[in-house]
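These notes are about the structure you will find just below.
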2 protein chains.
Amino acid sequence: MFEEYQNIIEEKIKSFSSFENCEFSHLLGAMNYSLSAGGKRIRPKLMMEFTRVCGKAPSVALNFAVALEMIHTYSLIHDDLPCMDNDDMRRGRPSCHKAFDEATALLAGDALLTDAFKLALSTENVPYENIVNAAAVLSECAGSHGMIGGQVIDLKYEASVAPLNVITELYRLKTGCLLKAAATIGCILADAEKEKINAASKFAENIGIAFQIRDDILDIIGSAEELGKPIGSDKNEQKSTYVSIVGLEEAQRQVNEYTDAALSELEIFGNEAENLKAFALSLIDRKL
Amino acid sequence: MFEEYQNIIEEKIKSFSSFENCEFSHLLGAMNYSLSAGGKRIRPKLMMEFTRVCGKAPSVALNFAVALEMIHTYSLIHDDLPCMDNDDMRRGRPSCHKAFDEATALLAGDALLTDAFKLALSTENVPYENIVNAAAVLSECAGSHGMIGGQVIDLKYEASVAPLNVITELYRLKTGCLLKAAATIGCILADAEKEKINAASKFAENIGIAFQIRDDILDIIGSAEELGKPIGSDKNEQKSTYVSIVGLEEAQRQVNEYTDAALSELEIFGNEAENLKAFALSLIDRKL
C-alpha cells in the first residue's frame, strides 16, 4: 500500500545520515542505525495518504510523517532494553543496545523522540494553528495517556491474567494511538473539517486493535518465517492474549468486526479512500 | 531569586497529581514522584522572569515553564538509571528506579518528555507562530544537538582526559542549553524582538557554563553539607574538569569572565533586568 510514498520517506531519513564530525557523532550514528533499519513505514505512509485523501499534496505531511516514524523507532529501542523486553535482535539485526551500548541506546531513543518534535515543528506551507494542533496530537498519542500508557499496561500484565477489556485498552493505546496520530495529523495538515478528522481517528484506532488481535492469531497459527519472529514469542505462556481468552475463531471474528468498524469510517472520504480500504482489508489476511 | 514564581509553579505541578484511577496510574505516580521532588526550579523561574522583563505577564509562560521542568526532570531520571550514572539517591530520596523499578523509571522519563510538549502546546493567549517557535526551541535545546549531546560527551570522557574546549562544549550543551531554552522561550512568548531573544540566549548560555565551572570548584573546596552531595562525587578521579585542567584560581577567573559576559547581554533589557543580574551574580559566590 502507498508504495509511492516509500521513496520520499526513505530519502528524508537518509538525509539525516550525513553526520557532522562532532563529539557526539556516535549518538547520531545510533539514532540513524535504528531509524534506517527498514520496517514497513506504515505510520508515515498512512499519514501522507490521509493528507492526499483530504486534498493536499502528501509531501506537506513529510516532516510530521518522519517525526512519527522517529517516535515509533525510539519506542522500539527502549522496548528492547534489558530492563524492558531484553531483546537482542530487531528486524534481523542486533538491537540498538547490542550494536552500541545501553547508555547510547537509551540516549538515542531520547534524542529520536525529542528531535521528532523539532522536525515536525519545522513544517512549512501549513497554517501555524494547524502545526500546533498536529504537534499536540503527536505528543498526546505518544505520551502517558497514549502509547506509553499502553506499554505500562503491557508490562503490568506480563505474567498475570488480564480481562478482555484491559487487553483491548492495551491494544488501543500501544498500537492504536500512533496509528491514530498518523491518520489524524494527516487530516489536520490538510486543513480537513472536524468530521473527517474524527472519522480518521476512529478508522485508525479500529485497525490498530484489529492489527494486534491478528498478531495474537499469527503467533499461534503462523510460521516463524512468515512472522519474522519466533513462534510463541509472547514468551510468557501466562500472558493473556485475545486468543488465550476467547479462542482462535472468536478472535478472528473480532478482527473482522474491528476492520468493518474501521471501513465504515471511510465513507466520509468517498472514492478517494480506496487505498485506505485496501490497506485495512489487507490486515485481515495479512501474513506479515 | 524570582521567589514570587515558586508558588504558581508548584501549584501547576500539584495539579497533575490528582491521578485518574486507571490501569497505568503507577506510571503517573512515578512521573509525579520525581517532578514534585523539589529542586530550585531555576529554569521555569528564569523563563517566567524573561517573559516579565519583555513586558508580558509571567503566567503567559507557565505551561512552557513547567514543560521545561518536566524535561529537566526526565533527564535526571534517565541519568540516574543503572546504565547511566547508577545513582540510588536524588534530592535526598530514592531515585525513581529505586522507588519504583527500572522499566517504570524509563517509561516515566519518556512520558515526562513527551507530555511536556503536550503541555507547552496548550499555551493560550500567545500567537500560534510564537508557540511553534518556542516549542521548536524547546526540542532543539533538549535534543541531540543540545542537552542530550552534552550527556553523550559527558559519558564519552568519563574516564579519559578531555581538552578544555571539549569540557566547555560539554557544559554549554548539558547545562547551558536548557537555560538557553528558558531564557529564549520566555522572550518569544512575550513577542520580544530578535535582538532581545539573541541577548537572552547568550546570557543563559554563559551563566550555564559559569554554573558548571563553579560546580567543579565547589566539588573541590565545598563541604559535603553545602554541596548536598559527597565531596569528590565526580567519582572517577580521572574525569577532566575545569579545575583539574586549569587549576582552582584560573577556574574561578573563568567563572567571573563567563558571568561578566552574561551580564553584558542584559543591557538591552534596561532596569527591568535587576533580578536577572542578581541571579547571575549569585552564581559566583553560591554555596549551593
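Residues are referred to by chain and number: the chain letter is A, B, ... according to the order shown in the C-alpha cells, the number counts from 1 in that chain, and ligands are numbered separately from 1 in the order shown.
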
Could the residues of region 140-163 of chain B that have an atom at most 12 Å from region 182-197 of chain B be listed as JSON lines, each with its closest atom pair and the distance in Å to one decimal, counting only C-alpha atoms and ordered by chain and ascending residue number?
{"residue": "B:Glu140", "atom": "CA", "partner": "B:Ile185", "partner_atom": "CA", "distance": 11.7}
{"residue": "B:Cys141", "atom": "CA", "partner": "B:Ala182", "partner_atom": "CA", "distance": 9.6}
{"residue": "B:Ala142", "atom": "CA", "partner": "B:Ala182", "partner_atom": "CA", "distance": 11.0}

Please, could you write that set of residues out with N, CA and C atoms as a CSV table (one decimal), in the first residue's frame?
chain,number,residue,atom,x,y,z
B,140,GLU,N,14.9,21.7,20.2
B,140,GLU,CA,16.2,21.8,19.8
B,140,GLU,C,17.2,21.8,20.9
B,141,CYS,N,16.9,22.6,22.0
B,141,CYS,CA,17.8,22.7,23.1
B,141,CYS,C,17.8,21.4,23.9
B,142,ALA,N,16.8,20.6,23.9
B,142,ALA,CA,16.7,19.3,24.7
B,142,ALA,C,17.3,18.1,23.9

Inset, instruction - May I ask you to extract the residues of chain A within 8 Å of chain B, using only C-alpha atoms, and to give them as a PyMOL selection string? - result: chain A and resi 23-24+27-28+83-84+102-104+107+110-115+117-118+121-122+128-129+131-133+135-137+139-140+142-144+148-150+152-153+166

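A straight line drawn from CA of Ala159 (chain B) to CA of Leu179 (chain B) is 26.9 Å long.
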
Inset, instruction - Once DSSP has gone over the backbone, tell me which residues of region 54-148 of chain A are in helix (DSSP H, G or I), as a PyMOL selection string. - result: chain A and resi 58-80+96-99+102-121+128-142+147-148

Inset, instruction - Pick out the residues sitting within 9 Å of Phe279 (chain A), and hand them over as a ChimeraX atom specification; count only C-alpha atoms, and ignore anything fewer than 4 positions along from it in its own chain. - result: /A:1-2,274-275,283

Take the residues just selected and output them with N, CA and C atoms as a PDB file, in the first residue's frame.
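Wrote result_2.pdb, looks like this:
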ATOM      1  N   MET A   1       0.828  -1.204   0.000  1.00  0.00           N
ATOM      2  CA  MET A   1       0.000   0.000   0.000  1.00  0.00           C
ATOM      3  C   MET A   1       0.870   1.264   0.000  1.00  0.00           C
ATOM      4  N   PHE A   2       0.372   2.257  -0.650  1.00  0.00           N
ATOM      5  CA  PHE A   2       1.002   3.585  -0.614  1.00  0.00           C
ATOM      6  C   PHE A   2       2.494   3.506  -0.957  1.00  0.00           C
ATOM      7  N   GLU A 274     -10.049   4.514  -1.497  1.00  0.00           N
ATOM      8  CA  GLU A 274      -9.858   3.128  -1.955  1.00  0.00           C
ATOM      9  C   GLU A 274      -8.584   2.489  -1.401  1.00  0.00           C
ATOM     10  N   ASN A 275      -7.479   3.235  -1.430  1.00  0.00           N
ATOM     11  CA  ASN A 275      -6.210   2.691  -0.910  1.00  0.00           C
ATOM     12  C   ASN A 275      -6.299   2.384   0.583  1.00  0.00           C
ATOM     13  N   LEU A 283      -5.143  -6.259   6.286  1.00  0.00           N
ATOM     14  CA  LEU A 283      -4.802  -6.653   7.652  1.00  0.00           C
ATOM     15  C   LEU A 283      -5.444  -7.978   8.049  1.00  0.00           C
TER      16      LEU A 283
END

Inset, instruction - Please provide the set of residues having any atom within 7 Å of region 33-38 of chain B, restricted to only C-alpha atoms, with same-chain residues fewer than 3 positions apart removed, written as number ranges by chain. - result: B: 13, 29-30, 70, 73, 96

Inset, instruction - Skip Glu69 (chain A) itself and residues of its chain fewer than 3 positions away, then list as an NGL selection string all residues within 8 Å of it, counting only C-alpha atoms. - result: :A and (35 or 41 or 43-44 or 65-66 or 72-73)

Inset, instruction - Using backbone DSSP assignments, extract all strand (DSSP E or B) residues from region 61-241 of chain B; output them as a VMD selection string. - result: chain B and resid 89 to 90 93 to 94

So that I have them on file, write out the residues from the current selection with C-alpha atoms, as a PDB file, in the first residue's frame.
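The result, stored in again-v6.pdb:
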ATOM      1  CA  MET B  89      19.583   8.771  45.572  1.00  0.00           C
ATOM      2  CA  ARG B  90      18.312  12.050  44.142  1.00  0.00           C
ATOM      3  CA  ARG B  93      15.144  10.488  48.309  1.00  0.00           C
ATOM      4  CA  PRO B  94      15.490   7.201  46.460  1.00  0.00           C
TER       5      PRO B  94
END

Inset, instruction - Extract, using only C-alpha atoms, all DNA, RNA and protein residues at most 7 Å from Gly176 (chain B), discarding same-chain residues fewer than 2 positions from it, and format them as a PyMOL selection string. - result: chain B and resi 171-174+178-180+204-205+208-209

Saved selection, atoms kept: C-alpha atoms, as a PDB file, in the first residue's frame:
ATOM      1  CA  TYR B 171      28.939  22.469  29.788  1.00  0.00           C
ATOM      2  CA  ARG B 172      27.402  24.604  27.056  1.00  0.00           C
ATOM      3  CA  LEU B 173      25.287  21.669  25.873  1.00  0.00           C
ATOM      4  CA  LYS B 174      24.499  19.766  29.059  1.00  0.00           C
ATOM      5  CA  LEU B 178      18.147  24.123  28.906  1.00  0.00           C
ATOM      6  CA  LEU B 179      18.909  27.526  30.466  1.00  0.00           C
ATOM      7  CA  LYS B 180      19.059  28.930  26.947  1.00  0.00           C
ATOM      8  CA  ALA B 204      21.785  31.959  29.552  1.00  0.00           C
ATOM      9  CA  GLU B 205      24.498  30.046  27.746  1.00  0.00           C
ATOM     10  CA  GLY B 208      25.226  27.871  32.257  1.00  0.00           C
ATOM     11  CA  ILE B 209      28.950  27.483  31.674  1.00  0.00           C
TER      12      ILE B 209
END
